[in-house]
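Participant: The structure that follows is given in the form of structure tokens.
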Amino acid sequence: MDCRQAAARADAFVDGELDPAERAAMAAHLLGCAACRGQVEERRELAAALSAGATYHRAPEGLAERIGAALDAAPAFAPGRAQRWRPAALAASLALVAALSSFATLRLAVPDPGDALLDDMVAGHVRALMADHLTDVASSDQHTVKPWFNGKLNLSPPVKDLTTSGFPLVGGRLDYVAGRPAAALVYRHRQHVINLFVAPDDARAAATPAASARQGYNVLHWSDGGLGYWAVSDLGAADLAQFQSLMRETR
Ligand SMILES: [Zn+2]
């Protein structure tokens, strides 16, 4: 991908609308091109400013009660009898549909920035698995993987040997998630792959790990020593929590 193609895809990239292959090509270009990275960052800031300034509208008081009352007054469905719509019930149904669809539109138009961040992490995990590009440096030796990141990122990810605890190190790679270059450390537990993304901490990061599940993957997010961590895997939540405490406690 060149800069012209990257510029044409910048909006779709920020909005999470690229397919995995295009997203991977875009991420690879951004890792090597500061100019395009700057443009993507500007678009991301604009999108964040727009959603921060957006207004929300609450449904008027009593709307739910009025719809409920109208529905109660509507005739019950009786098989074999011709259905007749009563105007009030029809109006109530239409109001309900309108209320639900405008709620859905708002939810889509103003995504929670925390959700977008988690979606980005899951997309990064899926992208690495689909593109069969899990590692740039493939080694189970922490003393090989850690120095490989030197000079490639403005952070030094802690790489730990968890082999004896059942989480062998597979390697590491550079990735581009949540609008910035990040270190991805790859661990394995039985047949499951764990991508541990390490990026500069942001204000939202919590000291206590926050667990969530999206698209069938578990995500555990925590912060430690000024760095943000996102562990993504199809592992069960309990196993991922064990991985998190091992990462934290192992020196
Ligand atoms: Zn470029």
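Chain labels run A, B, ... following the order of the structure tokens; each chain numbers its residues from 1, and ligands are numbered from 1 in the order shown.
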How close does each residue of chain A get to ligand 1, giving the shortest atom pair and distance in Å to one decimal for every residue with an atom at most 7 Å away, counting only C-alpha atoms and all ligand atoms, sorted by chain and residue number, as a Markdown table?
Facilitator:
| residue | atom | partner | partner_atom_place_in_ligand_line | distance |
| --- | --- | --- | --- | --- |
| A:Asp2 | CA | ligand 1 | 1 (Zn) | 5.9 |
| A:Cys3 | CA | ligand 1 | 1 (Zn) | 3.6 |
| A:Ala6 | CA | ligand 1 | 1 (Zn) | 6.3 |
| A:His29 | CA | ligand 1 | 1 (Zn) | 6.3 |
| A:Leu30 | CA | ligand 1 | 1 (Zn) | 6.5 |
| A:Cys33 | CA | ligand 1 | 1 (Zn) | 4.7 |
| A:Ala34 | CA | ligand 1 | 1 (Zn) | 7.0 |
| A:Ala35 | CA | ligand 1 | 1 (Zn) | 5.7 |
| A:Cys36 | CA | ligand 1 | 1 (Zn) | 4.3 |
Participant: Excluding Val177 (chain A) and any residue of its chain fewer than 2 positions from it, enumerate the residues within 10 Å of it, using only C-alpha atoms, and give them as a list in words.
Facilitator: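 My list of contacting residues is Ala27, Leu117, Leu118, Asp119, Asp120, Met121, Val122, Ala123, Gly124, His125, Leu174, Asp175, Gly179, Arg180, Pro181, Ala182, Ala183, Ala184, Phe197, Val198 and Ala199 of chain A.
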Participant: Would you save the residues from that selection as an mmCIF file, in the first residue's frame, using N, CA and C atoms?
Facilitator:
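Written file, out.cif:
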data_model
loop_
_atom_site.group_PDB
_atom_site.id
_atom_site.type_symbol
_atom_site.label_atom_id
_atom_site.label_comp_id
_atom_site.auth_asym_id
_atom_site.auth_seq_id
_atom_site.Cartn_x
_atom_site.Cartn_y
_atom_site.Cartn_z
ATOM 1 N N ALA A 27 -2.279 -1.054 8.430
ATOM 2 C CA ALA A 27 -1.476 -1.026 9.664
ATOM 3 C C ALA A 27 0.007 -1.141 9.334
ATOM 4 N N LEU A 117 -11.879 1.083 21.416
ATOM 5 C CA LEU A 117 -10.533 0.643 21.789
ATOM 6 C C LEU A 117 -10.484 -0.893 21.878
ATOM 7 N N LEU A 118 -11.472 -1.476 22.572
ATOM 8 C CA LEU A 118 -11.506 -2.934 22.718
ATOM 9 C C LEU A 118 -11.713 -3.608 21.358
ATOM 10 N N ASP A 119 -12.591 -3.017 20.527
ATOM 11 C CA ASP A 119 -12.804 -3.564 19.184
ATOM 12 C C ASP A 119 -11.498 -3.579 18.405
ATOM 13 N N ASP A 120 -10.717 -2.517 18.555
ATOM 14 C CA ASP A 120 -9.436 -2.414 17.861
ATOM 15 C C ASP A 120 -8.482 -3.514 18.307
ATOM 16 N N MET A 121 -8.483 -3.804 19.603
ATOM 17 C CA MET A 121 -7.596 -4.837 20.137
ATOM 18 C C MET A 121 -8.005 -6.211 19.613
ATOM 19 N N VAL A 122 -9.328 -6.474 19.622
ATOM 20 C CA VAL A 122 -9.813 -7.757 19.107
ATOM 21 C C VAL A 122 -9.499 -7.872 17.616
ATOM 22 N N ALA A 123 -9.682 -6.756 16.874
ATOM 23 C CA ALA A 123 -9.370 -6.764 15.437
ATOM 24 C C ALA A 123 -7.890 -7.073 15.216
ATOM 25 N N GLY A 124 -7.030 -6.520 16.072
ATOM 26 C CA GLY A 124 -5.594 -6.780 15.957
ATOM 27 C C GLY A 124 -5.273 -8.252 16.176
ATOM 28 N N HIS A 125 -5.955 -8.857 17.138
ATOM 29 C CA HIS A 125 -5.769 -10.285 17.436
ATOM 30 C C HIS A 125 -6.210 -11.129 16.229
ATOM 31 N N LEU A 174 5.565 -6.038 15.952
ATOM 32 C CA LEU A 174 5.059 -4.674 15.993
ATOM 33 C C LEU A 174 3.654 -4.688 15.440
ATOM 34 N N ASP A 175 2.751 -3.952 16.051
ATOM 35 C CA ASP A 175 1.400 -3.865 15.517
ATOM 36 C C ASP A 175 0.967 -2.406 15.590
ATOM 37 N N GLY A 179 -4.874 3.370 17.266
ATOM 38 C CA GLY A 179 -4.324 4.616 16.751
ATOM 39 C C GLY A 179 -2.860 4.851 17.053
ATOM 40 N N ARG A 180 -2.139 3.795 17.413
ATOM 41 C CA ARG A 180 -0.718 4.022 17.682
ATOM 42 C C ARG A 180 0.055 2.710 17.567
ATOM 43 N N PRO A 181 1.360 2.841 17.318
ATOM 44 C CA PRO A 181 2.178 1.628 17.289
ATOM 45 C C PRO A 181 2.174 0.972 18.672
ATOM 46 N N ALA A 182 2.159 -0.338 18.700
ATOM 47 C CA ALA A 182 2.142 -1.070 19.965
ATOM 48 C C ALA A 182 2.993 -2.321 19.842
ATOM 49 N N ALA A 183 3.463 -2.796 20.995
ATOM 50 C CA ALA A 183 4.142 -4.084 21.029
ATOM 51 C C ALA A 183 3.089 -5.161 21.212
ATOM 52 N N ALA A 184 3.200 -6.242 20.451
ATOM 53 C CA ALA A 184 2.330 -7.394 20.665
ATOM 54 C C ALA A 184 3.213 -8.553 21.103
ATOM 55 N N PHE A 197 -1.189 -6.968 23.954
ATOM 56 C CA PHE A 197 -0.800 -5.676 23.387
ATOM 57 C C PHE A 197 -0.313 -4.767 24.511
ATOM 58 N N VAL A 198 0.822 -4.122 24.277
ATOM 59 C CA VAL A 198 1.387 -3.186 25.251
ATOM 60 C C VAL A 198 1.564 -1.850 24.555
ATOM 61 N N ALA A 199 0.908 -0.821 25.090
ATOM 62 C CA ALA A 199 0.957 0.507 24.476
ATOM 63 C C ALA A 199 1.021 1.547 25.594
#
Participant: Smallest atom-to-atom distance to Leu246 (chain A): which of A:Phe167, A:Tyr176, A:Phe149, A:Phe13, using only C-alpha atoms?
Facilitator: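 Closest to Leu246 (chain A), using only C-alpha atoms: A:Phe167.
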Participant: Which residues, written as a PyMOL selection string, have at least one atom at most 12 Å from Trp222 (chain A), with only C-alpha atoms counted and residues fewer than 2 positions away on the same chain left out?
Facilitator: chain A and resi 196-212+219-220+224-232+241+244-245+247-248
Participant: Please report the interatomic distance between CA of Ala138 (chain A) and CA of Ile194 (chain A) in Å with one decimal.
Facilitator: 14.3 Å
Participant: Using DSSP on the backbone coordinates, identify the residues of region 98-185 of chain A assigned to strand (DSSP E); present them as a list of chain:residue names.
Facilitator: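 Selection result, strand (DSSP E) within region 98-185 of chain A: A:Val137, A:Ala138, A:Leu169, A:Val170, A:Gly171, A:Gly172, A:Arg173, A:Leu174, A:Asp175, A:Tyr176, A:Val177, A:Arg180, A:Pro181, A:Ala182, A:Ala183, A:Ala184, A:Leu185.
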Participant: Could you write those residues out with N, CA and C atoms, as a PDB file, in the first residue's frame?
Facilitator:
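So result-v7.pdb came out as:
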ATOM      1  N   VAL A 137       9.418 -11.573  15.513  1.00  0.00           N
ATOM      2  CA  VAL A 137      10.532 -12.274  16.123  1.00  0.00           C
ATOM      3  C   VAL A 137       9.945 -13.498  16.824  1.00  0.00           C
ATOM      4  N   ALA A 138      10.297 -14.691  16.321  1.00  0.00           N
ATOM      5  CA  ALA A 138       9.742 -15.925  16.866  1.00  0.00           C
ATOM      6  C   ALA A 138      10.777 -16.556  17.783  1.00  0.00           C
ATOM      7  N   LEU A 169       6.156 -18.492  25.899  1.00  0.00           N
ATOM      8  CA  LEU A 169       6.285 -17.351  24.996  1.00  0.00           C
ATOM      9  C   LEU A 169       6.479 -17.865  23.574  1.00  0.00           C
ATOM     10  N   VAL A 170       5.774 -17.256  22.609  1.00  0.00           N
ATOM     11  CA  VAL A 170       5.909 -17.637  21.201  1.00  0.00           C
ATOM     12  C   VAL A 170       6.780 -16.630  20.460  1.00  0.00           C
ATOM     13  N   GLY A 171       6.654 -15.355  20.822  1.00  0.00           N
ATOM     14  CA  GLY A 171       7.450 -14.318  20.169  1.00  0.00           C
ATOM     15  C   GLY A 171       6.803 -12.964  20.325  1.00  0.00           C
ATOM     16  N   GLY A 172       7.196 -12.036  19.445  1.00  0.00           N
ATOM     17  CA  GLY A 172       6.646 -10.685  19.510  1.00  0.00           C
ATOM     18  C   GLY A 172       6.565 -10.091  18.125  1.00  0.00           C
ATOM     19  N   ARG A 173       5.802  -9.026  17.996  1.00  0.00           N
ATOM     20  CA  ARG A 173       5.738  -8.308  16.712  1.00  0.00           C
ATOM     21  C   ARG A 173       5.349  -6.871  16.971  1.00  0.00           C
ATOM     22  N   LEU A 174       5.565  -6.038  15.952  1.00  0.00           N
ATOM     23  CA  LEU A 174       5.059  -4.674  15.993  1.00  0.00           C
ATOM     24  C   LEU A 174       3.654  -4.688  15.440  1.00  0.00           C
ATOM     25  N   ASP A 175       2.751  -3.952  16.051  1.00  0.00           N
ATOM     26  CA  ASP A 175       1.400  -3.865  15.517  1.00  0.00           C
ATOM     27  C   ASP A 175       0.967  -2.406  15.590  1.00  0.00           C
ATOM     28  N   TYR A 176      -0.186  -2.128  15.048  1.00  0.00           N
ATOM     29  CA  TYR A 176      -0.716  -0.772  15.064  1.00  0.00           C
ATOM     30  C   TYR A 176      -2.157  -0.875  15.526  1.00  0.00           C
ATOM     31  N   VAL A 177      -2.392  -0.578  16.793  1.00  0.00           N
ATOM     32  CA  VAL A 177      -3.739  -0.705  17.350  1.00  0.00           C
ATOM     33  C   VAL A 177      -4.097   0.565  18.112  1.00  0.00           C
ATOM     34  N   ARG A 180      -2.139   3.795  17.413  1.00  0.00           N
ATOM     35  CA  ARG A 180      -0.718   4.022  17.682  1.00  0.00           C
ATOM     36  C   ARG A 180       0.055   2.710  17.567  1.00  0.00           C
ATOM     37  N   PRO A 181       1.360   2.841  17.318  1.00  0.00           N
ATOM     38  CA  PRO A 181       2.178   1.628  17.289  1.00  0.00           C
ATOM     39  C   PRO A 181       2.174   0.972  18.672  1.00  0.00           C
ATOM     40  N   ALA A 182       2.159  -0.338  18.700  1.00  0.00           N
ATOM     41  CA  ALA A 182       2.142  -1.070  19.965  1.00  0.00           C
ATOM     42  C   ALA A 182       2.993  -2.321  19.842  1.00  0.00           C
ATOM     43  N   ALA A 183       3.463  -2.796  20.995  1.00  0.00           N
ATOM     44  CA  ALA A 183       4.142  -4.084  21.029  1.00  0.00           C
ATOM     45  C   ALA A 183       3.089  -5.161  21.212  1.00  0.00           C
ATOM     46  N   ALA A 184       3.200  -6.242  20.451  1.00  0.00           N
ATOM     47  CA  ALA A 184       2.330  -7.394  20.665  1.00  0.00           C
ATOM     48  C   ALA A 184       3.213  -8.553  21.103  1.00  0.00           C
ATOM     49  N   LEU A 185       2.964  -9.046  22.317  1.00  0.00           N
ATOM     50  CA  LEU A 185       3.676 -10.230  22.805  1.00  0.00           C
ATOM     51  C   LEU A 185       2.736 -11.415  22.633  1.00  0.00           C
TER      52      LEU A 185
END
Participant: Write out as a PyMOL selection string the set of residues from region 87-251 of chain A that DSSP, computed on the backbone, places in alpha helix (DSSP H).
Facilitator: chain A and resi 87-109+113-130+142-148+237-249
Participant: Which one of A:Leu235, A:Leu50, A:Val40, A:Ala95 sits closest to Ala64 (chain A) if you count only C-alpha atoms?
Facilitator: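 Using only C-alpha atoms, Ala64 (chain A) sits closest to A:Ala95.
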Participant: Between A:Asp115, A:His189, A:Met26, A:Trp148, which residue has the minimum interatomic distance to Arg4 (chain A), considering only C-alpha atoms?
Facilitator: A:Met26
Participant: So how many Å separate CA of Val126 (chain A) and CA of Pro20 (chain A), to one decimal?
Facilitator: 7.9 Å
